[in-house]
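Inspection log for the structure reproduced underneath, given as structure tokens.
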Amino acid sequence: MTDNSPQTPQAPEALTATMRITAIVRVLTGLMVMALIVNIILNVSSTLWPNWIPEKMSGAGFQKDITQRVHAAEKAFTSNAQLQNQKLCVFLGLSSQRESVDLATLTDIDGIDAKYLGLCGAGLSMATMTQQSSALFDSNLNPQLAIIGINLYHQVDPLVIAKLKQADAPVVTKTGLPIITPLLKGDIRKTWHQTRQRIWVYQRRRDVNTVLTENLAAINTQMLNLFGTSSSSGSDEVTSPWREMIRIDGPEKASKATYKAQTQSYANRGLFDVASYEPQLITQEEKALNDIIRELQQRGSTVVIMLMPEYSSLRESVPAVAMQRLAENLQTTFGDTAPEVIDMRDALGDDKFTDISHVNSSGRMAYSKLIAPMLVKWMQ
Amino acid sequence: MKMIHCIKRWLSPVQDMPAWLYYLKLITVILMFMLAYCMAQQDNPFFYQAF
């Protein structure tokens with residue numbers, strides 16, 4: 001009896017532990033199933049009602065944002081007498097310039113009484129830039145300085161190249177089932193990438209964040225108005241035309257595999273092929289750029305083309321002919337009035353990039369400090 | 001049948017609470033997690049210093 005007595009109380013304890021583990025596993029299973037169901041519902045709802053959360057980080061979202069900035073700037077110049085004597089500098093371009101320029105840094109450094117209007121969107125080529133910034137050319141704004149920030153590969157429209165490639169190779173290569181095929185091949189990286197492309201909250205996280213932030217800021221402004229006070233900045237961070245441009249804000253540094261994958265993705269678009277820069281293939285993009293320059297010059301703006309900083313592997317991969325084409329086009333079209341081209345492609349080290357074509361936060365500060373003295377020169 | 005039984009077992013509420021409350025709690029946890037994840041994507045960590 002005395003030998004068996006210590007074993008008696010151990011049985012219920014062991015049972016309780018099993019029950020506890022089972023309960024935890026049950027809850028985790030339930031959470032996973034619920035996450036799956038919520039993801040399916042959100043994906044379906046976004047398909048059926050695409051605008052229930054507005055696309056902030058896509059072409060249409062950027063165009064809307066740029067249009068609002070232009071209208072707000074127009075209104076500010078009309079209604080505020082103090083702004084009449086201030087110079088206006090606009091930034092036009094795509095994501096490379098949008099991520100590189102910190103407007104607050106420029107305002108702090110330059111010492112010039114100027115207003116900076118960030119009108120950069122996102123897209124693959126210069127025609128997109130024309131489309132997204134069309135509000136500027138419908139407005140009465142006459143900027144003293146216009147900085148057009150581009151990359152040389154923006155002269156190539158990947159869709160044009162894709163159509164050509166499709167004509168050359170009509171046989172569609174089999175890629176297999178998404179997620180399953182790479183999983184069976186043991187390609188964990190590809191499996192994860194294809195999985196996350198189907199997770200709604202991953203895809204739309206920045207849209208949700210922007211919508212939440214805008215609404216919180218709007219409530220904040222209303223409350224400040226209600227109590228008859230103002231924010232420390234004195235401006236509305238949601239609707240002010242002088243606010244910072246929308247940023248993706250990626251990680252400070254990507255893995256080597258990511259840089260490699262991005263370089264490959266750019267290569268697949270034909271951006272590194274000499275043949276992609278044949279004059280007949282880039283006519284539309286050249287026209288888009290020329291139209292913007294012409295329109296700005298007619299408004300009396302000093303136009304400067306900035307070749308945006310690039311990660312070394314990207315810079316080395318773009319063929320030299322790309323630079324020749326840009327120079328030839330500008331010289332042929334504008335002659336003596338051709339805008340100045342500033343080559344900033346190698347202005348920053350590789351540690352300043354979040355991916356091969358976008359700078360990180362320290363890169364943004366470094367780039368903004370680099371261009372500030374140039375802006376002073378151009379606006380004087 | 002066995003598989004359905006197994007799934008039912010693992011998806012049933014863990015305590016003496018109504019099933020609807022259990023699933024509501026699960027959904028709340030998922031939605032809060034999603035919201036926290038989205039808010040963690042704040043573009044500018046110093047945004048609210050402007051106010």
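Each chain in the structure tokens gets a letter, A, B, ..., in the order shown, and its residues are numbered from 1; ligands are numbered from 1 in order too.
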For the helix (DSSP H, G or I) assignment from backbone DSSP, which residues of region 18-109 of chain A qualify? Please present them as a PyMOL selection string. chain A and resi 18-48+59-79+81-85+95-100+103-109
Compile the contact shell of Ala347 (chain A) as number ranges by chain: residues with an atom at most 12 Å away, counting only C-alpha atoms, same-chain residues fewer than 4 positions apart removed. A: 100, 306-312, 315, 342-343, 351-353, 359, 363-364, 366-371
Using DSSP assignments from the backbone, pull out every residue in region 123-286 of chain A that falls under strand (DSSP E or B) and give it to me as a PDB file with C-alpha atoms, in the first residue's frame.
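states-v1.pdb was written with the following content:
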ATOM      1  CA  LEU A 145      11.138  74.612 -61.016  1.00  0.00           C
ATOM      2  CA  ALA A 146      10.053  71.147 -62.100  1.00  0.00           C
ATOM      3  CA  ILE A 147      12.162  68.140 -61.223  1.00  0.00           C
ATOM      4  CA  ILE A 148      11.356  65.114 -63.359  1.00  0.00           C
ATOM      5  CA  GLY A 149      12.823  62.090 -61.595  1.00  0.00           C
ATOM      6  CA  ILE A 150      13.172  59.041 -63.802  1.00  0.00           C
TER       7      ILE A 150
END
Give me the residues near region 238-244 of chain A as a PyMOL selection string, where near means some atom within 6 Å (using only C-alpha atoms) and where sequence neighbours in that chain fewer than 2 positions away do not count. chain A and resi 69+72-73+103+117+236
Neighbours of Ile188 (chain A) within 10 Å (only C-alpha atoms; same-chain residues fewer than 6 positions away dropped), as a list in words?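 The residues that qualify are Ile179, Pro182 and Gln194 of chain A.
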Report, in Å to a single decimal, how far apart CA of Lys115 (chain A) and CA of Pro339 (chain A) are. 21.4 Å
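Straight-line separation from CA of Arg325 (chain A) to CA of Thr263 (chain A): 21.9 Å.
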So what do you get for CA of Ala114 (chain A) versus CA of Ala327 (chain A), distance-wise?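 So the answer is 29.8 Å.
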Can you list every residue of chain A that has an atom at most 10 Å from chain B, with its nearest atom pair and the distance in Å to one decimal, using only C-alpha atoms, ordered by chain then number, as a tab-separated table?
residue	atom	partner	partner_atom	distance
A:Met19	CA	B:Val14	CA	9.9
A:Arg20	CA	B:Val14	CA	9.9
A:Thr22	CA	B:Trp10	CA	8.9
A:Ala23	CA	B:Val14	CA	5.9
A:Ile24	CA	B:Val14	CA	8.7
A:Val25	CA	B:Trp10	CA	8.2
A:Arg26	CA	B:Trp10	CA	5.3
A:Val27	CA	B:Val14	CA	7.3
A:Leu28	CA	B:Leu26	CA	9.3
A:Thr29	CA	B:Trp10	CA	7.0
A:Gly30	CA	B:Leu11	CA	5.6
A:Leu31	CA	B:Leu26	CA	5.7
A:Met32	CA	B:Ile30	CA	8.9
A:Val33	CA	B:Leu11	CA	8.5
A:Met34	CA	B:Ile27	CA	6.3
A:Ala35	CA	B:Ile30	CA	6.1
A:Leu36	CA	B:Ile30	CA	9.9
A:Ile37	CA	B:Ile27	CA	9.5
A:Val38	CA	B:Ile27	CA	7.9
A:Trp200	CA	B:Met34	CA	9.9
A:Val201	CA	B:Met34	CA	6.6
A:Tyr202	CA	B:Cys38	CA	8.3
A:Arg204	CA	B:Cys38	CA	8.3
A:Arg205	CA	B:Cys38	CA	4.8
A:Arg206	CA	B:Gln41	CA	6.3
A:Asp207	CA	B:Cys38	CA	8.5
A:Val208	CA	B:Cys38	CA	6.3
A:Asn209	CA	B:Cys38	CA	5.3
A:Thr210	CA	B:Gln42	CA	7.9
A:Leu212	CA	B:Met39	CA	7.9
A:Thr213	CA	B:Gln42	CA	8.2
A:Ala217	CA	B:Tyr48	CA	8.6
A:Asn220	CA	B:Phe51	CA	8.3
A:Thr221	CA	B:Phe51	CA	8.9
A:Leu224	CA	B:Phe51	CA	9.5
A:Ser230	CA	B:Phe51	CA	8.2
A:Ser231	CA	B:Phe51	CA	4.7
A:Ser232	CA	B:Phe51	CA	5.4
A:Ser233	CA	B:Ala50	CA	5.4
A:Gly234	CA	B:Phe51	CA	8.5
A:Ser235	CA	B:Ala50	CA	8.7
A:Asp236	CA	B:Phe51	CA	9.2
A:Glu237	CA	B:Ala50	CA	7.9
A:Glu244	CA	B:Asn44	CA	9.7
A:Ile246	CA	B:Asp43	CA	7.8
A:Arg247	CA	B:Asp43	CA	6.2
A:Ile248	CA	B:Asp43	CA	6.8
A:Asp249	CA	B:Asp43	CA	6.0
A:Gly250	CA	B:Asp43	CA	9.2
A:Ser361	CA	B:Asn44	CA	9.9
Counting only C-alpha atoms, which of A:Gln324, A:Ser95, A:Thr195, A:Gln262 gets nearest to Thr128 (chain A)?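 Counting only C-alpha atoms, the residue closest to Thr128 (chain A) is A:Ser95.
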